[in-house]
Amino acid sequence: MKNFVQPGNTITLPAPAAVTSGAGVLVGAIFGIATHDAASGENVEVVTCGVFELTKIGSQAWEVGDKVYWDNTNKRATKIATDNTLIGVALGTVGSGADETTGRLRLNGSF
């Protein structure tokens, strides 16, 4: 196929702010996980699909299959859809305790 460029699992984006390796990056409707540190405006490689653990709201319980969104203001994953960007689905059950601030999810790739 002459027009194929690449699978798109890892793409290069301009960092919208300073980012660190493993942090969520949102550029328009494209979400991914930074593979390295980058200053604002620098190119950063981001992974757009796969399974990751991200910071979540501690008071929020997740069940397997819950839709997960990115809260770009607070830089964390959430089940709250309003004003947030859909990024994937929860892959594990996690409680709502104050110390339960990490959730495992599968990124759905960008759309």
# chains A, B, ... in the order shown; residues from 1 in each chain; ligands from 1
$ closest_atom_pairs --of "region 32-100 of chain A" --to "region 7-18 of chain A" --cutoff "8 Å" --atoms "only C-alpha atoms" --output "Markdown table"
| residue | atom | partner | partner_atom | distance |
| --- | --- | --- | --- | --- |
| A:Asp37 | CA | A:Ala18 | CA | 7.6 |
| A:Ala38 | CA | A:Ala18 | CA | 5.7 |
| A:Ala39 | CA | A:Ala18 | CA | 4.3 |
| A:Ser40 | CA | A:Ala17 | CA | 4.0 |
| A:Gly41 | CA | A:Ala15 | CA | 5.0 |
| A:Glu42 | CA | A:Pro14 | CA | 5.4 |
| A:Asn43 | CA | A:Pro14 | CA | 4.5 |
| A:Val44 | CA | A:Leu13 | CA | 5.5 |
| A:Glu45 | CA | A:Thr12 | CA | 4.5 |
| A:Val46 | CA | A:Thr10 | CA | 5.4 |
| A:Val47 | CA | A:Thr10 | CA | 4.4 |
| A:Thr48 | CA | A:Asn9 | CA | 5.3 |
| A:Cys49 | CA | A:Asn9 | CA | 5.9 |
$ residues_around --residues "Lys67 (chain A)" --least-positions-apart "2" --cutoff "8 Å" --atoms "only C-alpha atoms" --output "PyMOL selection string"
chain A and resi 65+69+79+86-90
$ write_last_selection --atoms "all heavy atoms" --output "PDB file, in the first residue's frame"
ATOM      1  N   GLY A  65     -14.003  -1.985  32.655  1.00  0.00           N
ATOM      2  CA  GLY A  65     -14.838  -1.565  31.536  1.00  0.00           C
ATOM      3  C   GLY A  65     -15.382  -0.150  31.631  1.00  0.00           C
ATOM      4  O   GLY A  65     -15.962   0.347  30.663  1.00  0.00           O
ATOM      5  N   TYR A  69     -11.680   9.128  31.241  1.00  0.00           N
ATOM      6  CA  TYR A  69     -11.469  10.413  30.580  1.00  0.00           C
ATOM      7  C   TYR A  69     -10.217  11.083  31.143  1.00  0.00           C
ATOM      8  O   TYR A  69      -9.762  10.749  32.236  1.00  0.00           O
ATOM      9  CB  TYR A  69     -12.684  11.326  30.813  1.00  0.00           C
ATOM     10  CG  TYR A  69     -13.970  10.727  30.293  1.00  0.00           C
ATOM     11  CD1 TYR A  69     -14.696   9.816  31.056  1.00  0.00           C
ATOM     12  CD2 TYR A  69     -14.448  11.058  29.037  1.00  0.00           C
ATOM     13  CE1 TYR A  69     -15.861   9.249  30.578  1.00  0.00           C
ATOM     14  CE2 TYR A  69     -15.620  10.497  28.546  1.00  0.00           C
ATOM     15  CZ  TYR A  69     -16.317   9.599  29.320  1.00  0.00           C
ATOM     16  OH  TYR A  69     -17.470   9.033  28.830  1.00  0.00           O
ATOM     17  N   LYS A  79     -13.580   9.295  35.733  1.00  0.00           N
ATOM     18  CA  LYS A  79     -14.781   8.768  35.076  1.00  0.00           C
ATOM     19  C   LYS A  79     -15.735   9.893  34.694  1.00  0.00           C
ATOM     20  O   LYS A  79     -16.759   9.646  34.066  1.00  0.00           O
ATOM     21  CB  LYS A  79     -15.509   7.788  35.991  1.00  0.00           C
ATOM     22  CG  LYS A  79     -14.757   6.503  36.208  1.00  0.00           C
ATOM     23  CD  LYS A  79     -15.576   5.407  36.887  1.00  0.00           C
ATOM     24  CE  LYS A  79     -16.613   5.858  37.853  1.00  0.00           C
ATOM     25  NZ  LYS A  79     -17.350   4.769  38.505  1.00  0.00           N
ATOM     26  N   LEU A  86     -12.335  11.573  26.374  1.00  0.00           N
ATOM     27  CA  LEU A  86     -12.325  10.119  26.482  1.00  0.00           C
ATOM     28  C   LEU A  86     -10.969   9.592  26.030  1.00  0.00           C
ATOM     29  O   LEU A  86     -10.490   9.940  24.952  1.00  0.00           O
ATOM     30  CB  LEU A  86     -13.435   9.513  25.618  1.00  0.00           C
ATOM     31  CG  LEU A  86     -13.556   7.998  25.628  1.00  0.00           C
ATOM     32  CD1 LEU A  86     -13.912   7.485  27.020  1.00  0.00           C
ATOM     33  CD2 LEU A  86     -14.597   7.551  24.617  1.00  0.00           C
ATOM     34  N   ILE A  87     -10.327   8.763  26.888  1.00  0.00           N
ATOM     35  CA  ILE A  87      -9.008   8.223  26.531  1.00  0.00           C
ATOM     36  C   ILE A  87      -8.959   6.705  26.546  1.00  0.00           C
ATOM     37  O   ILE A  87      -8.022   6.116  26.015  1.00  0.00           O
ATOM     38  CB  ILE A  87      -7.894   8.786  27.438  1.00  0.00           C
ATOM     39  CG1 ILE A  87      -8.114   8.427  28.905  1.00  0.00           C
ATOM     40  CG2 ILE A  87      -7.757  10.288  27.224  1.00  0.00           C
ATOM     41  CD1 ILE A  87      -6.940   8.760  29.818  1.00  0.00           C
ATOM     42  N   GLY A  88      -9.924   6.025  27.163  1.00  0.00           N
ATOM     43  CA  GLY A  88      -9.872   4.570  27.197  1.00  0.00           C
ATOM     44  C   GLY A  88     -10.858   3.964  28.167  1.00  0.00           C
ATOM     45  O   GLY A  88     -11.860   4.586  28.508  1.00  0.00           O
ATOM     46  N   VAL A  89     -10.526   2.737  28.628  1.00  0.00           N
ATOM     47  CA  VAL A  89     -11.391   2.013  29.554  1.00  0.00           C
ATOM     48  C   VAL A  89     -10.568   1.440  30.703  1.00  0.00           C
ATOM     49  O   VAL A  89      -9.401   1.081  30.535  1.00  0.00           O
ATOM     50  CB  VAL A  89     -12.156   0.867  28.853  1.00  0.00           C
ATOM     51  CG1 VAL A  89     -13.149   1.411  27.842  1.00  0.00           C
ATOM     52  CG2 VAL A  89     -11.205  -0.112  28.201  1.00  0.00           C
ATOM     53  N   ALA A  90     -11.209   1.353  31.864  1.00  0.00           N
ATOM     54  CA  ALA A  90     -10.555   0.791  33.046  1.00  0.00           C
ATOM     55  C   ALA A  90     -10.350  -0.707  32.846  1.00  0.00           C
ATOM     56  O   ALA A  90     -11.226  -1.405  32.334  1.00  0.00           O
ATOM     57  CB  ALA A  90     -11.403   1.048  34.286  1.00  0.00           C
TER      58      ALA A  90
END
$ closest_residue --among "A:Ile80, A:Val51, A:Ile57, A:Val94" --to "Gly22 (chain A)" --atoms "only C-alpha atoms"
A:Val51
$ residues_around --residues "Ala61 (chain A)" --least-positions-apart "2" --cutoff "9 Å" --atoms "only C-alpha atoms" --output "list in words"
Ile57, Gly58, Ser59, Glu63, Lys79, Thr93, Val94, Gly95, Ser96, Gly97 and Glu100 of chain A
$ write_last_selection --atoms "N, CA and C atoms" --output "JSON list (two decimals), in the first residue's frame"
[["chain", "number", "residue", "atom", "x", "y", "z"],
["A", 57, "ILE", "N", -8.56, 10.24, 40.49],
["A", 57, "ILE", "CA", -9.17, 10.85, 41.66],
["A", 57, "ILE", "C", -9.33, 9.78, 42.73],
["A", 58, "GLY", "N", -8.75, 9.99, 43.91],
["A", 58, "GLY", "CA", -8.79, 8.99, 44.97],
["A", 58, "GLY", "C", -10.19, 8.64, 45.43],
["A", 59, "SER", "N", -11.10, 9.59, 45.42],
["A", 59, "SER", "CA", -12.45, 9.34, 45.93],
["A", 59, "SER", "C", -13.35, 8.67, 44.90],
["A", 63, "GLU", "N", -14.57, 0.38, 37.97],
["A", 63, "GLU", "CA", -14.86, -1.03, 37.68],
["A", 63, "GLU", "C", -14.31, -1.36, 36.30],
["A", 79, "LYS", "N", -13.58, 9.29, 35.73],
["A", 79, "LYS", "CA", -14.78, 8.77, 35.08],
["A", 79, "LYS", "C", -15.74, 9.89, 34.69],
["A", 93, "THR", "N", -10.43, -3.16, 38.84],
["A", 93, "THR", "CA", -11.28, -2.56, 39.86],
["A", 93, "THR", "C", -10.36, -1.86, 40.85],
["A", 94, "VAL", "N", -10.70, -0.63, 41.17],
["A", 94, "VAL", "CA", -9.93, 0.13, 42.16],
["A", 94, "VAL", "C", -10.94, 0.89, 43.02],
["A", 95, "GLY", "N", -10.68, 0.93, 44.30],
["A", 95, "GLY", "CA", -11.61, 1.54, 45.24],
["A", 95, "GLY", "C", -11.58, 3.05, 45.27],
["A", 96, "SER", "N", -12.33, 3.58, 46.20],
["A", 96, "SER", "CA", -12.47, 5.03, 46.32],
["A", 96, "SER", "C", -11.79, 5.57, 47.57],
["A", 97, "GLY", "N", -10.83, 4.83, 48.10],
["A", 97, "GLY", "CA", -10.12, 5.30, 49.28],
["A", 97, "GLY", "C", -9.16, 6.42, 48.93],
["A", 100, "GLU", "N", -6.11, 5.36, 47.15],
["A", 100, "GLU", "CA", -6.28, 4.64, 45.89],
["A", 100, "GLU", "C", -6.30, 5.63, 44.73]]
$ residues_around --residues "Ser21 (chain A)" --least-positions-apart "3" --cutoff "7 Å" --atoms "only C-alpha atoms" --output "list in words"
Ala34, Thr35, His36 and Asp37 of chain A
$ write_last_selection --atoms "C-alpha atoms" --output "compact mmCIF listing (two decimals), in the first residue's frame"
# COMPACT_ATOMS: atom_id res chain seq x y z
CA ALA A 34 5.00 10.84 26.97
CA THR A 35 7.97 8.54 26.37
CA HIS A 36 10.48 11.17 27.54
CA ASP A 37 10.72 14.59 29.20
$ atom_distance --atom1 "CA of Ala81 (chain A)" --atom2 "CA of Leu26 (chain A)"
15.2 Å
$ select_by_dssp --residues "chain A" --states "strand (DSSP E)" --output "PyMOL selection string"
chain A and resi 10-14+24-27+30-34+43-47+49-55+67-71+76-78+85-90+102-108
$ write_last_selection --atoms "N, CA and C atoms" --output "short mmCIF file (atom, residue, chain, number, x, y, z; two decimals), in the first residue's frame"
data_model
loop_
_atom_site.label_atom_id
_atom_site.label_comp_id
_atom_site.auth_asym_id
_atom_site.auth_seq_id
_atom_site.Cartn_x
_atom_site.Cartn_y
_atom_site.Cartn_z
N THR A 10 2.95 5.11 18.30
CA THR A 10 3.77 6.18 18.87
C THR A 10 3.87 7.28 17.83
N ILE A 11 3.54 8.49 18.25
CA ILE A 11 3.57 9.63 17.32
C ILE A 11 4.31 10.80 17.97
N THR A 12 4.71 11.75 17.15
CA THR A 12 5.40 12.94 17.63
C THR A 12 4.43 14.11 17.65
N LEU A 13 4.37 14.79 18.80
CA LEU A 13 3.50 15.95 18.97
C LEU A 13 4.31 17.09 19.59
N PRO A 14 3.87 18.33 19.42
CA PRO A 14 4.49 19.42 20.17
C PRO A 14 3.96 19.39 21.60
N GLY A 24 0.57 12.06 31.02
CA GLY A 24 -0.42 12.20 29.97
C GLY A 24 -0.21 13.49 29.21
N VAL A 25 -0.42 13.42 27.89
CA VAL A 25 -0.27 14.58 27.02
C VAL A 25 -1.53 14.68 26.16
N LEU A 26 -2.17 15.85 26.18
CA LEU A 26 -3.36 16.08 25.37
C LEU A 26 -3.09 17.24 24.42
N VAL A 27 -3.20 16.97 23.12
CA VAL A 27 -3.05 18.01 22.09
C VAL A 27 -4.31 17.92 21.23
N ILE A 30 -6.04 14.51 20.58
CA ILE A 30 -5.05 13.43 20.60
C ILE A 30 -4.49 13.30 22.01
N PHE A 31 -4.59 12.08 22.57
CA PHE A 31 -4.05 11.81 23.90
C PHE A 31 -3.03 10.70 23.81
N GLY A 32 -1.94 10.85 24.57
CA GLY A 32 -0.95 9.80 24.65
C GLY A 32 -0.12 9.95 25.91
N ILE A 33 0.78 9.01 26.11
CA ILE A 33 1.67 9.00 27.26
C ILE A 33 3.07 9.36 26.77
N ALA A 34 3.67 10.38 27.38
CA ALA A 34 5.00 10.84 26.97
C ALA A 34 6.04 9.76 27.21
N ASN A 43 9.20 18.83 20.55
CA ASN A 43 8.59 17.59 20.11
C ASN A 43 8.71 16.55 21.20
N VAL A 44 7.64 15.80 21.39
CA VAL A 44 7.63 14.70 22.35
C VAL A 44 6.97 13.49 21.69
N GLU A 45 7.58 12.34 21.88
CA GLU A 45 6.99 11.09 21.40
C GLU A 45 5.95 10.65 22.42
N VAL A 46 4.77 10.31 21.94
CA VAL A 46 3.71 9.82 22.84
C VAL A 46 3.17 8.50 22.33
N VAL A 47 2.85 7.61 23.27
CA VAL A 47 2.24 6.33 22.96
C VAL A 47 0.73 6.52 23.04
N CYS A 49 -1.70 4.02 22.34
CA CYS A 49 -2.50 2.85 22.71
C CYS A 49 -1.64 1.91 23.54
N GLY A 50 -2.31 1.11 24.34
CA GLY A 50 -1.61 0.20 25.25
C GLY A 50 -2.23 0.29 26.63
N VAL A 51 -1.62 -0.41 27.58
CA VAL A 51 -2.11 -0.45 28.95
C VAL A 51 -1.16 0.34 29.85
N PHE A 52 -1.73 1.26 30.62
CA PHE A 52 -0.94 2.14 31.48
C PHE A 52 -1.62 2.30 32.83
N GLU A 53 -0.82 2.69 33.83
CA GLU A 53 -1.35 3.10 35.12
C GLU A 53 -1.20 4.61 35.20
N LEU A 54 -2.31 5.29 35.51
CA LEU A 54 -2.32 6.74 35.59
C LEU A 54 -2.91 7.19 36.93
N THR A 55 -2.53 8.38 37.33
CA THR A 55 -3.11 8.99 38.52
C THR A 55 -4.60 9.22 38.27
N LYS A 67 -15.63 3.71 31.26
CA LYS A 67 -14.98 4.68 30.39
C LYS A 67 -14.12 5.59 31.25
N VAL A 68 -12.93 5.90 30.75
CA VAL A 68 -11.99 6.75 31.47
C VAL A 68 -11.69 7.97 30.61
N TYR A 69 -11.68 9.13 31.24
CA TYR A 69 -11.47 10.41 30.58
C TYR A 69 -10.22 11.08 31.14
N TRP A 70 -9.69 12.05 30.41
CA TRP A 70 -8.53 12.80 30.86
C TRP A 70 -8.97 14.18 31.32
N ASP A 71 -8.70 14.50 32.57
CA ASP A 71 -8.95 15.83 33.14
C ASP A 71 -7.66 16.62 32.91
N ARG A 76 -5.04 14.24 35.37
CA ARG A 76 -5.33 12.93 35.93
C ARG A 76 -6.51 12.29 35.22
N ALA A 77 -6.64 10.98 35.39
CA ALA A 77 -7.73 10.23 34.79
C ALA A 77 -8.95 10.29 35.69
N THR A 78 -10.13 10.21 35.06
CA THR A 78 -11.38 10.32 35.79
C THR A 78 -12.50 9.60 35.04
N THR A 85 -11.76 14.55 28.11
CA THR A 85 -11.56 13.84 26.85
C THR A 85 -11.51 12.34 27.09
N LEU A 86 -12.34 11.57 26.37
CA LEU A 86 -12.32 10.12 26.48
C LEU A 86 -10.97 9.59 26.03
N ILE A 87 -10.33 8.76 26.89
CA ILE A 87 -9.01 8.22 26.53
C ILE A 87 -8.96 6.71 26.55
N GLY A 88 -9.92 6.02 27.16
CA GLY A 88 -9.87 4.57 27.20
C GLY A 88 -10.86 3.96 28.17
N VAL A 89 -10.53 2.74 28.63
CA VAL A 89 -11.39 2.01 29.55
C VAL A 89 -10.57 1.44 30.70
N ALA A 90 -11.21 1.35 31.86
CA ALA A 90 -10.56 0.79 33.05
C ALA A 90 -10.35 -0.71 32.85
N THR A 102 -4.30 5.50 41.86
CA THR A 102 -3.76 5.01 40.59
C THR A 102 -4.73 4.00 40.00
N GLY A 103 -4.99 4.12 38.71
CA GLY A 103 -5.86 3.19 38.03
C GLY A 103 -5.21 2.67 36.76
N ARG A 104 -5.51 1.43 36.43
CA ARG A 104 -4.97 0.81 35.21
C ARG A 104 -6.02 0.91 34.11
N LEU A 105 -5.58 1.35 32.93
CA LEU A 105 -6.50 1.51 31.82
C LEU A 105 -5.84 1.17 30.50
N ARG A 106 -6.68 0.88 29.53
CA ARG A 106 -6.22 0.65 28.16
C ARG A 106 -6.60 1.88 27.35
N LEU A 107 -5.59 2.50 26.78
CA LEU A 107 -5.86 3.65 25.91
C LEU A 107 -6.53 3.16 24.64
N ASN A 108 -7.49 3.95 24.15
CA ASN A 108 -8.22 3.54 22.96
C ASN A 108 -7.58 4.09 21.69
#
$ closest_residue --among "A:Asn84, A:Asp99, A:Gln60, A:Asp66" --to "Gly28 (chain A)" --atoms "only C-alpha atoms"
A:Asn84
$ atom_distance --atom1 "CA of Trp62 (chain A)" --atom2 "CA of Ala98 (chain A)"
13.5 Å
$ atom_distance --atom1 "CA of Met1 (chain A)" --atom2 "CA of Ala29 (chain A)"
27.1 Å
$ decode --residues "region 33-49 of chain A" --atoms "N, CA, C and O atoms" --output "PDB file, in the first residue's frame"
ATOM      1  N   ILE A  33       0.784   9.006  26.111  1.00  0.00           N
ATOM      2  CA  ILE A  33       1.674   9.003  27.263  1.00  0.00           C
ATOM      3  C   ILE A  33       3.072   9.363  26.770  1.00  0.00           C
ATOM      4  O   ILE A  33       3.593   8.719  25.845  1.00  0.00           O
ATOM      5  N   ALA A  34       3.669  10.382  27.376  1.00  0.00           N
ATOM      6  CA  ALA A  34       4.995  10.843  26.968  1.00  0.00           C
ATOM      7  C   ALA A  34       6.038   9.756  27.213  1.00  0.00           C
ATOM      8  O   ALA A  34       6.067   9.148  28.278  1.00  0.00           O
ATOM      9  N   THR A  35       6.911   9.542  26.228  1.00  0.00           N
ATOM     10  CA  THR A  35       7.972   8.543  26.370  1.00  0.00           C
ATOM     11  C   THR A  35       9.251   9.151  26.940  1.00  0.00           C
ATOM     12  O   THR A  35      10.167   8.416  27.295  1.00  0.00           O
ATOM     13  N   HIS A  36       9.303  10.475  27.015  1.00  0.00           N
ATOM     14  CA  HIS A  36      10.482  11.173  27.540  1.00  0.00           C
ATOM     15  C   HIS A  36      10.077  12.561  28.010  1.00  0.00           C
ATOM     16  O   HIS A  36       8.995  13.047  27.693  1.00  0.00           O
ATOM     17  N   ASP A  37      10.949  13.212  28.758  1.00  0.00           N
ATOM     18  CA  ASP A  37      10.715  14.587  29.200  1.00  0.00           C
ATOM     19  C   ASP A  37      10.812  15.523  28.002  1.00  0.00           C
ATOM     20  O   ASP A  37      11.594  15.278  27.074  1.00  0.00           O
ATOM     21  N   ALA A  38      10.037  16.603  28.023  1.00  0.00           N
ATOM     22  CA  ALA A  38      10.114  17.613  26.964  1.00  0.00           C
ATOM     23  C   ALA A  38       9.648  18.956  27.519  1.00  0.00           C
ATOM     24  O   ALA A  38       8.732  19.012  28.334  1.00  0.00           O
ATOM     25  N   ALA A  39      10.295  20.008  27.062  1.00  0.00           N
ATOM     26  CA  ALA A  39       9.884  21.362  27.423  1.00  0.00           C
ATOM     27  C   ALA A  39       8.691  21.767  26.564  1.00  0.00           C
ATOM     28  O   ALA A  39       8.447  21.189  25.497  1.00  0.00           O
ATOM     29  N   SER A  40       7.961  22.760  27.001  1.00  0.00           N
ATOM     30  CA  SER A  40       6.818  23.263  26.255  1.00  0.00           C
ATOM     31  C   SER A  40       7.242  23.648  24.839  1.00  0.00           C
ATOM     32  O   SER A  40       8.245  24.330  24.641  1.00  0.00           O
ATOM     33  N   GLY A  41       6.504  23.154  23.850  1.00  0.00           N
ATOM     34  CA  GLY A  41       6.781  23.462  22.455  1.00  0.00           C
ATOM     35  C   GLY A  41       7.754  22.506  21.784  1.00  0.00           C
ATOM     36  O   GLY A  41       7.817  22.459  20.559  1.00  0.00           O
ATOM     37  N   GLU A  42       8.518  21.750  22.557  1.00  0.00           N
ATOM     38  CA  GLU A  42       9.424  20.768  21.971  1.00  0.00           C
ATOM     39  C   GLU A  42       8.636  19.553  21.491  1.00  0.00           C
ATOM     40  O   GLU A  42       7.552  19.264  21.986  1.00  0.00           O
ATOM     41  N   ASN A  43       9.204  18.832  20.545  1.00  0.00           N
ATOM     42  CA  ASN A  43       8.587  17.592  20.108  1.00  0.00           C
ATOM     43  C   ASN A  43       8.708  16.549  21.204  1.00  0.00           C
ATOM     44  O   ASN A  43       9.743  16.444  21.862  1.00  0.00           O
ATOM     45  N   VAL A  44       7.635  15.796  21.392  1.00  0.00           N
ATOM     46  CA  VAL A  44       7.629  14.703  22.355  1.00  0.00           C
ATOM     47  C   VAL A  44       6.973  13.494  21.690  1.00  0.00           C
ATOM     48  O   VAL A  44       5.964  13.628  20.992  1.00  0.00           O
ATOM     49  N   GLU A  45       7.584  12.338  21.878  1.00  0.00           N
ATOM     50  CA  GLU A  45       6.992  11.090  21.398  1.00  0.00           C
ATOM     51  C   GLU A  45       5.955  10.651  22.418  1.00  0.00           C
ATOM     52  O   GLU A  45       6.236  10.622  23.622  1.00  0.00           O
ATOM     53  N   VAL A  46       4.767  10.307  21.943  1.00  0.00           N
ATOM     54  CA  VAL A  46       3.714   9.824  22.837  1.00  0.00           C
ATOM     55  C   VAL A  46       3.169   8.496  22.329  1.00  0.00           C
ATOM     56  O   VAL A  46       3.057   8.280  21.121  1.00  0.00           O
ATOM     57  N   VAL A  47       2.848   7.615  23.270  1.00  0.00           N
ATOM     58  CA  VAL A  47       2.235   6.328  22.956  1.00  0.00           C
ATOM     59  C   VAL A  47       0.729   6.520  23.037  1.00  0.00           C
ATOM     60  O   VAL A  47       0.215   7.016  24.035  1.00  0.00           O
ATOM     61  N   THR A  48       0.023   6.134  21.965  1.00  0.00           N
ATOM     62  CA  THR A  48      -1.411   6.402  21.895  1.00  0.00           C
ATOM     63  C   THR A  48      -2.291   5.200  22.218  1.00  0.00           C
ATOM     64  O   THR A  48      -3.506   5.337  22.320  1.00  0.00           O
ATOM     65  N   CYS A  49      -1.701   4.018  22.343  1.00  0.00           N
ATOM     66  CA  CYS A  49      -2.497   2.851  22.714  1.00  0.00           C
ATOM     67  C   CYS A  49      -1.638   1.905  23.540  1.00  0.00           C
ATOM     68  O   CYS A  49      -0.416   1.957  23.493  1.00  0.00           O
TER      69      CYS A  49
END
